[in-house]
file work13.cif (mmCIF, C-alpha atoms)
data_final
#
loop_
_atom_site.label_atom_id
_atom_site.label_comp_id
_atom_site.auth_asym_id
_atom_site.auth_seq_id
_atom_site.Cartn_x
_atom_site.Cartn_y
_atom_site.Cartn_z
CA MET B 1029 27.74 168.39 61.58
CA THR B 1030 25.09 165.77 60.89
CA THR B 1031 25.77 162.37 59.36
CA ALA B 1032 24.27 163.58 56.07
CA ASP B 1033 26.56 166.62 56.13
CA GLU B 1034 29.59 164.42 56.77
CA GLU B 1035 28.59 162.07 53.98
CA PHE B 1036 28.15 165.03 51.66
CA ALA B 1037 31.56 166.44 52.67
CA ARG B 1038 33.13 163.10 51.68
CA GLU B 1039 31.32 163.25 48.34
CA VAL B 1040 32.62 166.78 47.78
CA ALA B 1041 36.15 165.60 48.51
CA ARG B 1042 35.75 162.72 46.05
CA SER B 1043 34.32 165.00 43.36
CA SER B 1044 37.04 167.58 43.93
CA ALA B 1045 39.72 164.89 43.58
CA ALA B 1046 38.13 163.74 40.32
CA PHE B 1047 38.04 167.34 39.06
CA VAL B 1048 41.70 167.90 39.94
CA SER B 1049 42.77 164.66 38.26
CA GLN B 1050 41.21 165.92 35.02
CA LEU B 1051 42.55 169.48 35.26
CA PRO B 1052 45.75 169.23 33.17
CA ARG B 1053 43.85 167.41 30.41
CA GLN B 1054 41.05 169.98 30.50
CA VAL B 1055 43.44 172.91 30.32
CA GLN B 1056 45.41 171.24 27.53
CA ALA B 1057 42.19 170.78 25.53
CA LEU B 1058 41.31 174.39 26.18
CA GLY B 1059 44.76 175.47 24.94
CA ASP B 1060 44.30 173.42 21.76
CA ASP B 1061 40.95 175.11 21.13
CA LEU B 1062 42.50 178.52 21.73
CA VAL B 1063 45.21 177.84 19.19
CA ALA B 1064 42.55 176.76 16.71
CA TRP B 1065 40.53 179.93 17.31
CA LEU B 1066 43.58 182.17 16.96
CA SER B 1067 44.11 180.77 13.50
CA ALA B 1068 40.44 181.40 12.65
CA PRO B 1069 39.35 184.40 14.76
CA ARG B 1070 36.23 184.99 12.69
CA ASP B 1071 34.88 181.54 13.52
CA ALA B 1072 31.94 182.41 15.80
CA ALA B 1073 31.09 178.81 16.62
CA LEU B 1074 34.65 178.13 17.76
CA PHE B 1075 34.60 181.28 19.87
CA ASP B 1076 31.31 180.25 21.51
CA LYS B 1077 32.72 176.80 22.27
CA LEU B 1078 35.79 178.35 23.84
CA SER B 1079 33.77 180.82 25.88
CA HIS B 1080 31.59 178.04 27.16
CA LYS B 1081 34.55 175.89 28.20
CA LEU B 1082 36.15 178.80 30.02
CA HIS B 1083 32.88 179.69 31.69
CA ARG B 1084 32.47 176.11 32.93
CA LEU B 1085 36.03 175.98 34.21
CA LYS B 1086 35.49 179.24 36.07
CA GLY B 1087 32.37 177.92 37.77
CA ALA B 1088 33.65 174.42 38.48
CA GLY B 1089 37.06 175.57 39.74
CA GLY B 1090 35.67 177.42 42.72
CA THR B 1091 32.98 174.85 43.40
CA PHE B 1092 35.60 172.11 43.66
CA GLY B 1093 37.96 174.02 45.92
CA CYS B 1094 40.27 175.46 43.25
CA SER B 1095 39.57 179.18 43.48
CA GLY B 1096 42.85 179.96 41.67
CA ILE B 1097 41.58 178.10 38.61
CA SER B 1098 38.38 180.09 38.79
CA ASP B 1099 40.31 183.39 38.98
CA PHE B 1100 42.71 182.56 36.16
CA ALA B 1101 39.90 181.25 33.94
CA SER B 1102 38.01 184.48 34.60
CA ALA B 1103 41.07 186.55 33.66
CA LEU B 1104 41.54 184.52 30.49
CA GLU B 1105 37.87 184.96 29.62
CA GLN B 1106 38.28 188.73 29.84
CA ARG B 1107 41.43 188.65 27.69
CA LEU B 1108 39.66 186.49 25.15
CA ASN B 1109 36.81 188.98 24.89
CA THR B 1110 39.29 191.85 24.52
CA LEU B 1111 41.12 190.01 21.80
CA ARG B 1112 37.90 189.33 19.94
CA SER B 1113 36.70 192.92 20.24
CA GLU B 1114 39.90 194.11 18.60
CA ALA B 1115 38.63 192.83 15.26
CA THR B 1116 40.82 190.13 13.75
CA GLY B 1117 43.90 189.08 15.57
CA GLY B 1118 44.08 191.87 18.13
CA SER B 1119 46.97 194.12 19.04
CA ALA B 1120 50.37 192.83 20.09
CA SER B 1121 49.81 193.92 23.68
CA ALA B 1122 46.40 192.24 23.84
CA MET B 1123 47.93 189.08 22.46
CA ALA B 1124 50.76 189.19 25.00
CA GLU B 1125 48.30 189.60 27.86
CA PHE B 1126 46.22 186.79 26.49
CA GLU B 1127 49.17 184.43 26.27
CA ALA B 1128 50.26 185.36 29.79
CA ALA B 1129 46.76 184.62 31.09
CA MET B 1130 46.75 181.24 29.36
CA GLU B 1131 50.15 180.41 30.81
CA ALA B 1132 49.00 181.44 34.29
CA LEU B 1133 46.01 179.12 34.03
CA ARG B 1134 48.18 176.26 32.78
CA SER B 1135 50.70 176.78 35.61
CA GLU B 1136 47.98 176.84 38.24
CA ALA B 1137 46.41 173.65 36.88
CA ASN B 1138 49.78 171.91 36.91
CA ARG B 1139 50.56 173.15 40.42
CA ILE B 1140 47.27 171.90 41.80
CA TYR B 1141 47.60 168.56 40.05
CA ARG B 1142 51.19 168.15 41.29
CA GLU B 1143 50.17 168.93 44.86
CA SER B 1144 47.28 166.50 44.70
CA THR B 1145 49.55 163.66 43.58
CA GLN B 1146 52.08 164.48 46.31
CA ASP B 1147 49.74 165.06 49.23
CA GLY B 1148 46.77 162.87 48.40
CA GLN B 1149 43.68 164.29 46.81
CA GLY B 1150 40.72 166.28 48.10
CA GLY B 1151 40.40 169.46 50.11
CA THR B 1152 40.98 172.94 48.78
CA HIS B 1153 43.78 174.06 46.49
CA ASN B 1154 43.75 177.80 46.95
CA MET S 4 -0.04 177.55 44.18
CA SER S 5 3.34 176.94 45.76
CA GLU S 6 3.54 175.08 49.06
CA LEU S 7 4.75 176.80 52.21
CA THR S 8 7.62 174.37 52.65
CA LEU S 9 9.87 173.85 49.68
CA SER S 10 10.13 170.25 48.63
CA ARG S 11 10.57 169.60 44.90
CA ILE S 12 13.35 171.30 42.93
CA LEU S 13 14.01 170.80 39.23
CA TYR S 14 17.65 171.58 38.45
CA VAL S 15 18.88 172.06 34.87
CA GLU S 16 22.65 172.23 34.39
CA ASP S 17 24.76 171.04 31.47
CA ASP S 18 27.97 170.46 33.45
CA ALA S 19 27.71 166.89 34.76
CA ASP S 20 30.15 167.43 37.65
CA ILE S 21 28.38 170.51 38.95
CA ARG S 22 24.99 168.90 38.41
CA GLU S 23 25.92 165.90 40.51
CA ILE S 24 27.47 167.82 43.39
CA VAL S 25 24.49 170.17 43.56
CA ARG S 26 22.06 167.25 43.44
CA MET S 27 23.84 165.61 46.36
CA SER S 28 23.95 168.87 48.29
CA LEU S 29 20.25 169.54 47.85
CA GLN S 30 19.26 165.98 48.67
CA MET S 31 21.70 165.10 51.43
CA VAL S 32 22.10 168.43 53.18
CA GLY S 33 18.86 170.15 52.22
CA GLN S 34 16.63 167.07 52.27
CA PHE S 35 14.86 168.29 49.13
CA GLN S 36 13.43 166.10 46.41
CA VAL S 37 15.52 166.89 43.37
CA ALA S 38 15.17 166.08 39.69
CA THR S 39 18.16 166.96 37.53
CA CYS S 40 18.74 167.09 33.80
CA GLU S 41 21.27 168.49 31.36
CA SER S 42 19.16 170.53 28.95
CA CYS S 43 15.91 172.26 28.18
CA ALA S 44 14.81 169.30 26.06
CA ALA S 45 15.45 166.87 28.91
CA ALA S 46 13.64 169.17 31.36
CA LEU S 47 10.56 169.16 29.16
CA LYS S 48 10.44 165.38 29.36
CA LEU S 49 10.28 165.26 33.14
CA VAL S 50 8.69 168.53 34.24
CA ASP S 51 5.06 167.34 34.12
CA GLU S 52 5.71 164.17 36.08
CA PHE S 53 7.93 165.86 38.66
CA ASN S 54 5.71 168.92 39.10
CA PRO S 55 8.44 171.20 40.52
CA GLU S 56 7.86 173.87 43.14
CA LEU S 57 11.09 175.60 42.21
CA LEU S 58 13.15 175.75 39.03
CA LEU S 59 16.91 176.02 39.47
CA LEU S 60 18.51 176.86 36.14
CA ASP S 61 22.06 177.33 34.96
CA VAL S 62 22.22 180.44 32.78
CA MET S 63 24.95 179.60 30.29
CA MET S 64 24.06 176.35 28.57
CA PRO S 65 24.64 175.41 24.94
CA ASP S 66 21.71 175.31 22.52
CA VAL S 67 19.05 176.67 24.89
CA ASP S 68 20.30 178.86 27.74
CA GLY S 69 18.72 179.29 31.18
CA PRO S 70 16.48 182.27 30.40
CA ALA S 71 15.15 180.58 27.26
CA THR S 72 14.68 177.31 29.16
CA LEU S 73 12.61 179.17 31.73
CA GLN S 74 10.39 180.62 29.03
CA VAL S 75 9.88 177.19 27.49
CA LEU S 76 9.11 175.51 30.83
CA ARG S 77 6.64 178.25 31.71
CA GLN S 78 4.53 177.09 28.75
CA ARG S 79 3.78 173.93 30.69
CA ALA S 80 1.00 173.99 33.27
CA SER S 81 3.22 172.07 35.73
CA ALA S 82 5.78 174.89 35.76
CA GLU S 83 3.65 177.83 34.76
CA ASN S 84 3.81 179.42 38.19
CA ALA S 85 6.93 177.79 39.59
CA PRO S 86 9.40 180.43 40.76
CA ALA S 87 12.93 180.22 39.42
CA ILE S 88 16.46 180.81 40.61
CA PHE S 89 19.32 181.21 38.14
CA ILE S 90 22.85 179.97 38.70
CA THR S 91 25.65 181.61 36.76
CA ALA S 92 29.35 182.34 36.81
CA LYS S 93 28.80 185.71 35.18
CA VAL S 94 26.35 188.47 36.05
CA GLU S 95 26.79 191.52 33.86
CA ALA S 96 25.32 194.96 34.38
CA GLY S 97 21.63 194.88 33.56
CA ASP S 98 21.34 191.10 33.83
CA MET S 99 19.71 191.15 37.27
CA GLN S 100 16.95 193.52 36.21
CA ARG S 101 16.33 191.50 33.06
CA TYR S 102 16.12 188.30 35.11
CA ARG S 103 13.79 189.89 37.65
CA ASN S 104 11.55 191.06 34.83
CA MET S 105 11.28 187.41 33.85
CA GLY S 106 10.09 186.57 37.35
CA VAL S 107 13.37 185.13 38.60
CA LEU S 108 13.60 185.24 42.40
CA ASP S 109 17.35 185.55 42.65
CA VAL S 110 20.69 184.67 41.08
CA ILE S 111 23.26 182.45 42.76
CA VAL S 112 26.75 183.18 41.52
CA LYS S 113 29.27 180.42 40.85
CA PRO S 114 31.45 179.38 42.47
CA PHE S 115 29.20 178.76 45.45
CA ASP S 116 29.60 176.93 48.71
CA THR S 117 27.98 173.57 48.03
CA MET S 118 27.40 172.91 51.72
CA GLY S 119 25.66 176.27 52.15
CA LEU S 120 23.64 176.10 48.94
CA PRO S 121 20.51 174.46 50.43
CA GLY S 122 20.37 177.14 53.12
CA GLN S 123 20.79 179.86 50.52
CA ILE S 124 17.92 178.45 48.47
CA GLU S 125 15.76 178.05 51.56
CA GLN S 126 16.33 181.72 52.43
CA ILE S 127 15.32 182.83 48.93
CA TRP S 128 12.24 180.60 49.13
CA GLN S 129 11.19 182.00 52.50
CA ARG S 130 11.62 185.54 51.21
CA TYR S 131 9.44 184.62 48.25
CA ARG S 132 6.78 183.07 50.51
CA SER S 133 6.77 186.17 52.74
CA SER S 134 6.24 188.43 49.75
CA MET S 135 3.41 186.17 48.57
CA ASN S 136 1.76 186.40 51.97
CA ASP S 137 2.22 190.19 52.04
CA ASN S 138 0.51 190.35 48.65
CA GLY S 139 -2.27 188.02 49.77
CA GLY S 140 -0.95 185.15 47.62
#

call {"tool": "encode", "arguments": {"input": "work13.cif", "output": "structure tokens"}}
result
Amino acid sequence: MTTADEEFAREVARSSAAFVSQLPRQVQALGDDLVAWLSAPRDAALFDKLSHKLHRLKGAGGTFGCSGISDFASALEQRLNTLRSEATGGSASAMAEFEAAMEALRSEANRIYRESTQDGQGGTHN
Amino acid sequence: MSELTLSRILYVEDDADIREIVRMSLQMVGQFQVATCESCAAALKLVDEFNPELLLLDVMMPDVDGPATLQVLRQRASAENAPAIFITAKVEAGDMQRYRNMGVLDVIVKPFDTMGLPGQIEQIWQRYRSSMNDNGG
């Protein structure tokens, strides 16, 4: 590994730590937006905002060593699209799956954050 | 005409964290000259001065997405012939063909290995250069 590579690896660790430190807040904000959309499922702008946030979380999660976040965000994105395609509100089963996906994402974010505060930050959180 | 060795990359990405880590990767590991910005509008302000050899564009951006940004940048002489690579967390059926029809060289799927990204881009660039040579370009 060259000096530049080592320096970059340190930057990645720093950026990953910063990402992890913001995770619970990010997921909480996402949850708030989801609640808002569920009360106004015809709001296209709100849906687009939500989709974009989920999409970013999916991409950033893996890039910053949190592949679980990426996977759960991807699952939630699919559930969200299913819910939307079922006209307004969606079926009870679709809603249950959606809520479970949101809870899984929240749990993973909390787990990663907890581990980072216990073990020091950086590295991967898979 | 594009140079044989890739040097200048213009990277458009709305996510500040991803933008910064990719910039560092391309500069520190890949030794490329990199200009970054967060939107199509910002890219338009710096594209002529930077004169990119390669456009690296996030697909899903608010307001103007990657494909639309590419079309806008291609209106400028400085980027008219610059090849492009898209970065996205979602490639759906049919997307690849649509992107290729727009002249996109390849799509890099998020999440990606930031350390390996410069090598991945270099490979795509070399493949592009080889095809240019085969076609007498």

call {"tool": "resolve_selection", "arguments": {"input": "work13.cif", "expression": "the PyMOL selection byres ((chain S) within 8 of (chain B))", "output": "list in words"}}
result
Asp18, Asp20, Ile21, Ile24, Met27, Ser28, Met31, Val32, Met63, Met64, Pro65, Thr91, Ala92, Lys113, Pro114, Phe115, Asp116, Thr117 and Met118 of chain S

call {"tool": "closest_residue", "arguments": {"input": "work13.cif", "among": "S:Ala85, S:Ile124, S:Leu57, S:Met99", "to": "Val37 (chain S)", "atoms": "all atoms listed in the file"}}
result
S:Leu57

call {"tool": "atom_distance", "arguments": {"input": "work13.cif", "atom1": "CA of Leu1078 (chain B)", "atom2": "CA of Ala1128 (chain B)"}}
result
17.1 Å

call {"tool": "resolve_selection", "arguments": {"input": "work13.cif", "expression": "the PyMOL selection byres ((chain S and resi 7-16) around 8)", "output": "PDB file with C-alpha atoms, in the coordinates of the input"}}
result
ATOM      1  CA  SER S   5       3.340 176.940  45.760  1.00  0.00           C
ATOM      2  CA  GLU S   6       3.540 175.080  49.060  1.00  0.00           C
ATOM      3  CA  ASP S  17      24.760 171.040  31.470  1.00  0.00           C
ATOM      4  CA  ASP S  18      27.970 170.460  33.450  1.00  0.00           C
ATOM      5  CA  ALA S  19      27.710 166.890  34.760  1.00  0.00           C
ATOM      6  CA  ILE S  21      28.380 170.510  38.950  1.00  0.00           C
ATOM      7  CA  ARG S  22      24.990 168.900  38.410  1.00  0.00           C
ATOM      8  CA  ARG S  26      22.060 167.250  43.440  1.00  0.00           C
ATOM      9  CA  PHE S  35      14.860 168.290  49.130  1.00  0.00           C
ATOM     10  CA  GLN S  36      13.430 166.100  46.410  1.00  0.00           C
ATOM     11  CA  VAL S  37      15.520 166.890  43.370  1.00  0.00           C
ATOM     12  CA  ALA S  38      15.170 166.080  39.690  1.00  0.00           C
ATOM     13  CA  THR S  39      18.160 166.960  37.530  1.00  0.00           C
ATOM     14  CA  CYS S  40      18.740 167.090  33.800  1.00  0.00           C
ATOM     15  CA  GLU S  41      21.270 168.490  31.360  1.00  0.00           C
ATOM     16  CA  SER S  42      19.160 170.530  28.950  1.00  0.00           C
ATOM     17  CA  CYS S  43      15.910 172.260  28.180  1.00  0.00           C
ATOM     18  CA  ALA S  46      13.640 169.170  31.360  1.00  0.00           C
ATOM     19  CA  VAL S  50       8.690 168.530  34.240  1.00  0.00           C
ATOM     20  CA  PHE S  53       7.930 165.860  38.660  1.00  0.00           C
ATOM     21  CA  ASN S  54       5.710 168.920  39.100  1.00  0.00           C
ATOM     22  CA  PRO S  55       8.440 171.200  40.520  1.00  0.00           C
ATOM     23  CA  GLU S  56       7.860 173.870  43.140  1.00  0.00           C
ATOM     24  CA  LEU S  57      11.090 175.600  42.210  1.00  0.00           C
ATOM     25  CA  LEU S  58      13.150 175.750  39.030  1.00  0.00           C
ATOM     26  CA  LEU S  59      16.910 176.020  39.470  1.00  0.00           C
ATOM     27  CA  LEU S  60      18.510 176.860  36.140  1.00  0.00           C
ATOM     28  CA  ASP S  61      22.060 177.330  34.960  1.00  0.00           C
ATOM     29  CA  MET S  64      24.060 176.350  28.570  1.00  0.00           C
ATOM     30  CA  GLU S 125      15.760 178.050  51.560  1.00  0.00           C
ATOM     31  CA  TRP S 128      12.240 180.600  49.130  1.00  0.00           C
ATOM     32  CA  ARG S 132       6.780 183.070  50.510  1.00  0.00           C
TER      33      ARG S 132
END

call {"tool": "atom_distance", "arguments": {"input": "work13.cif", "atom1": "CA of Leu120 (chain S)", "atom2": "CA of Leu1058 (chain B)"}}
result
28.9 Å

call {"tool": "build_atoms", "arguments": {"input": "work13.cif", "residues": "region 1125-1140 of chain B", "atoms": "N, CA and C atoms", "output": "tab-separated table (two decimals), in the coordinates of the input"}}
result
chain	number	residue	atom	x	y	z
B	1125	GLU	N	49.07	189.78	26.62
B	1125	GLU	CA	48.30	189.60	27.86
B	1125	GLU	C	47.50	188.30	27.83
B	1126	PHE	N	46.98	188.01	26.68
B	1126	PHE	CA	46.22	186.79	26.49
B	1126	PHE	C	47.09	185.55	26.72
B	1127	GLU	N	48.26	185.57	26.12
B	1127	GLU	CA	49.17	184.43	26.27
B	1127	GLU	C	49.62	184.28	27.71
B	1128	ALA	N	49.85	185.41	28.38
B	1128	ALA	CA	50.26	185.36	29.79
B	1128	ALA	C	49.14	184.77	30.65
B	1129	ALA	N	47.91	185.14	30.33
B	1129	ALA	CA	46.76	184.62	31.09
B	1129	ALA	C	46.61	183.12	30.88
B	1130	MET	N	46.84	182.68	29.65
B	1130	MET	CA	46.75	181.24	29.36
B	1130	MET	C	47.85	180.49	30.11
B	1131	GLU	N	49.03	181.06	30.12
B	1131	GLU	CA	50.15	180.41	30.81
B	1131	GLU	C	49.89	180.35	32.32
B	1132	ALA	N	49.31	181.41	32.86
B	1132	ALA	CA	49.00	181.44	34.29
B	1132	ALA	C	47.99	180.34	34.65
B	1133	LEU	N	47.01	180.17	33.79
B	1133	LEU	CA	46.01	179.12	34.03
B	1133	LEU	C	46.67	177.74	33.96
B	1134	ARG	N	47.51	177.56	32.95
B	1134	ARG	CA	48.18	176.26	32.78
B	1134	ARG	C	49.07	175.96	34.00
B	1135	SER	N	49.81	176.97	34.46
B	1135	SER	CA	50.70	176.78	35.61
B	1135	SER	C	49.92	176.42	36.86
B	1136	GLU	N	48.80	177.11	37.06
B	1136	GLU	CA	47.98	176.84	38.24
B	1136	GLU	C	47.41	175.42	38.19
B	1137	ALA	N	46.96	175.01	37.02
B	1137	ALA	CA	46.41	173.65	36.88
B	1137	ALA	C	47.49	172.62	37.19
B	1138	ASN	N	48.69	172.85	36.67
B	1138	ASN	CA	49.78	171.91	36.91
B	1138	ASN	C	50.18	171.89	38.39
B	1139	ARG	N	50.20	173.07	39.00
B	1139	ARG	CA	50.56	173.15	40.42
B	1139	ARG	C	49.58	172.36	41.27
B	1140	ILE	N	48.30	172.58	41.01
B	1140	ILE	CA	47.27	171.90	41.80
B	1140	ILE	C	47.34	170.38	41.59
